[in-house]
Amino acid sequence: TPPILRTLILCAGATLVSIPQGRAEEPVDLDMVTRIRDEGFRRSQVMDTARYLTDEIGPRITGTPALKRANEWTLARLQEWGLENGHLESYDFGRGWSFERCSVHLISPRTTPLLALPAAWTPGTDGPVRGEAMRIEVEKVEDLESYEGQLGGKIVFIDDARPYDPKGDLNRQTFQRHDESSLANLAEYAIPEDGPPQWRKEYRERWELRQALNARLVEEGALALVEISSRDNGIVRVTGMSAPDPEDPVGVTGLGMAAEHYNWILRLLETRNGSSDASDGETGDPDPVVLEIDVDAFFHEDDPKAYNTIAEIPGIPGNGEVVIAGAHLDAWHAGTGATDNASGVSVVMEAARILKALDVKPRRTIRIALWTGEEAGYYGSRAYVEEHYAERPEHTDPEQLKL
């Protein structure tokens, strides 16, 4: 049975379990199982939901008109299907961000468009700007001192080139199709035995370095910061600066560039810096590597609130127990948010639709929660837990606060 239908059968009270030998079998409502399967297979609306979220609404960064539209549309659908107590539940978030235009071109030594997109919460360029590309190598804050006075008017490339490997992990992730065994492996999580995971410390160090780098770039008047996409094959993967707080600095215009084009720019720079073994027989100084960037980006600060979509199928009065089915509605801006996470939203909504279509009367309340603020830091789900259940105390140990 497909996972969505197994979930529905359990929600409807028809339990599917493996019964050890010697124990009586728990009754299974086979009629309900059949009705759920029939509704799911023959009258599914899951793809209609996914299509509207991705084709019609598209990217849904928290704090933007697009995500508010998605909030209102999903709420209207859930109410149309008969769910009760539907509402948009607000929480404090900050400023949103969106962009309407991004154009990146190589101007010299020849002209051609480049595949790149802005990082979320990055400022625009206020029209086209041109500058020379510059590669810097910064592993720690102290390394910035070696570039003092050199960054003004430059378009700064921060990452190393990445060799293309058709058998590498990144490409396998891009094109791999999971089976039952690999999905089961993904669900496994080994709890660390000693101390916080190392990645937390490394993340903190990277964050501190990025803050110092952004400050230096702004101070010296750099035009933009360019990073390499973490995917090959022309895929531009870019996330954001995660700066919803209006008091947070936003740095210079940030871009994620397709690996193939990023590597090419670095090869051009290596030739001009005398660090390349390539020889093309030219005489005299080669033309500088010049890019033109035009990013039209906006901050949305009219409404500092963000919203979770909430609706439910009430259980037996007085039961007091709740089953929550959730997924996150927000998405980054480089794609349509299909697999992250319109797919999850569509499954959760379809589960609710099927149960209401069958007029199921659950013992426990089934609550549908479509979170927002997930990509920027789990803001929506955290706010919901703090509002309705419990607030986790903050660390007071100075050593823990560093991690």
# chains A, B, ... in the order shown; residues from 1 in each chain; ligands from 1
$ residues_around --residues "region 255-264 of chain A" --least-positions-apart "5" --cutoff "10 Å" --atoms "only C-alpha atoms" --output "VMD selection string"
chain A and resid 102 104 106 113 to 120 122 157 159 to 164 224 to 240 269 to 270 293 295 334
$ select_by_dssp --residues "region 120-298 of chain A" --states "strand (DSSP E or B)" --output "PyMOL selection string"
chain A and resi 120+129-135+155-157+224-228+240+253-257+290-298
$ closest_residue --among "A:Thr74, A:Asp287, A:Ala133, A:Leu88" --to "Ala50 (chain A)" --atoms "only C-alpha atoms"
A:Thr74
$ closest_residue --among "A:Trp371, A:Tyr379, A:Tyr307, A:Phe99" --to "Asp294 (chain A)" --atoms "only C-alpha atoms"
A:Phe99
$ residues_around --residues "Pro246 (chain A)" --least-positions-apart "5" --cutoff "12 Å" --atoms "only C-alpha atoms" --output "compact mmCIF listing (two decimals) with all heavy atoms, in the first residue's frame"
# COMPACT_ATOMS: atom_id res chain seq x y z
N PHE A 93 8.14 37.49 12.45
CA PHE A 93 9.16 37.01 11.52
C PHE A 93 10.14 38.11 11.15
O PHE A 93 11.33 38.01 11.42
CB PHE A 93 8.51 36.45 10.25
CG PHE A 93 9.50 35.97 9.23
CD1 PHE A 93 10.23 34.81 9.46
CD2 PHE A 93 9.75 36.69 8.07
CE1 PHE A 93 11.18 34.37 8.54
CE2 PHE A 93 10.69 36.26 7.14
CZ PHE A 93 11.40 35.09 7.37
N GLY A 94 9.68 39.20 10.53
CA GLY A 94 10.58 40.25 10.06
C GLY A 94 10.30 40.61 8.62
O GLY A 94 9.16 40.55 8.16
N ARG A 95 11.34 40.93 7.89
CA ARG A 95 11.16 41.36 6.50
C ARG A 95 11.24 40.19 5.54
O ARG A 95 12.01 39.24 5.74
CB ARG A 95 12.22 42.40 6.13
CG ARG A 95 13.63 41.87 6.22
CD ARG A 95 14.65 42.96 5.95
NE ARG A 95 16.00 42.53 6.34
CZ ARG A 95 17.03 43.34 6.49
NH1 ARG A 95 16.87 44.64 6.30
NH2 ARG A 95 18.21 42.88 6.84
N GLY A 96 10.44 40.27 4.50
CA GLY A 96 10.54 39.29 3.42
C GLY A 96 11.44 39.81 2.31
O GLY A 96 11.97 40.93 2.38
N TRP A 97 11.62 39.01 1.29
CA TRP A 97 12.50 39.38 0.18
C TRP A 97 12.06 38.66 -1.08
O TRP A 97 11.64 37.49 -1.03
CB TRP A 97 13.95 38.98 0.50
CG TRP A 97 14.93 39.23 -0.62
CD1 TRP A 97 15.69 40.34 -0.81
CD2 TRP A 97 15.26 38.34 -1.70
NE1 TRP A 97 16.48 40.20 -1.93
CE2 TRP A 97 16.22 38.97 -2.50
CE3 TRP A 97 14.82 37.07 -2.06
CZ2 TRP A 97 16.76 38.38 -3.64
CZ3 TRP A 97 15.35 36.48 -3.20
CH2 TRP A 97 16.31 37.13 -3.98
N TRP A 121 17.52 37.61 0.40
CA TRP A 121 17.84 38.70 1.31
C TRP A 121 19.11 39.43 0.94
O TRP A 121 19.78 40.02 1.77
CB TRP A 121 17.88 38.22 2.77
CG TRP A 121 16.52 38.04 3.36
CD1 TRP A 121 15.70 39.01 3.84
CD2 TRP A 121 15.81 36.81 3.49
NE1 TRP A 121 14.51 38.46 4.27
CE2 TRP A 121 14.56 37.11 4.07
CE3 TRP A 121 16.10 35.48 3.19
CZ2 TRP A 121 13.61 36.13 4.35
CZ3 TRP A 121 15.15 34.52 3.47
CH2 TRP A 121 13.92 34.84 4.04
N PHE A 299 12.92 44.24 -0.59
CA PHE A 299 12.62 43.84 0.77
C PHE A 299 11.17 44.19 1.07
O PHE A 299 10.70 45.28 0.73
CB PHE A 299 13.55 44.53 1.77
CG PHE A 299 14.97 44.06 1.69
CD1 PHE A 299 15.92 44.82 1.02
CD2 PHE A 299 15.35 42.86 2.25
CE1 PHE A 299 17.24 44.38 0.93
CE2 PHE A 299 16.66 42.41 2.17
CZ PHE A 299 17.60 43.17 1.51
N HIS A 300 10.45 43.26 1.70
CA HIS A 300 9.05 43.46 2.07
C HIS A 300 8.98 43.66 3.57
O HIS A 300 9.20 42.73 4.36
CB HIS A 300 8.20 42.26 1.64
CG HIS A 300 8.29 41.95 0.18
ND1 HIS A 300 7.56 42.62 -0.77
CD2 HIS A 300 9.03 41.04 -0.50
CE1 HIS A 300 7.84 42.14 -1.97
NE2 HIS A 300 8.74 41.18 -1.82
N GLU A 301 8.67 44.89 3.98
CA GLU A 301 8.70 45.22 5.40
C GLU A 301 7.37 45.77 5.91
O GLU A 301 7.27 46.20 7.06
CB GLU A 301 9.82 46.24 5.67
CG GLU A 301 11.20 45.71 5.32
CD GLU A 301 12.32 46.70 5.61
OE1 GLU A 301 12.08 47.92 5.52
OE2 GLU A 301 13.42 46.25 5.94
N ASP A 302 6.32 45.75 5.07
CA ASP A 302 5.03 46.28 5.50
C ASP A 302 4.40 45.45 6.61
O ASP A 302 3.75 46.00 7.51
CB ASP A 302 4.06 46.35 4.31
CG ASP A 302 4.50 47.36 3.26
OD1 ASP A 302 5.32 48.23 3.61
OD2 ASP A 302 4.06 47.26 2.10
N ASP A 303 4.57 44.13 6.55
CA ASP A 303 3.98 43.24 7.54
C ASP A 303 5.08 42.37 8.13
O ASP A 303 5.59 41.48 7.46
CB ASP A 303 2.90 42.36 6.90
CG ASP A 303 2.17 41.49 7.92
OD1 ASP A 303 2.50 41.58 9.13
OD2 ASP A 303 1.29 40.71 7.51
N PRO A 304 5.47 42.61 9.39
CA PRO A 304 6.54 41.81 10.00
C PRO A 304 6.09 40.43 10.44
O PRO A 304 6.90 39.66 10.96
CB PRO A 304 6.96 42.65 11.20
CG PRO A 304 5.71 43.37 11.59
CD PRO A 304 4.99 43.66 10.31
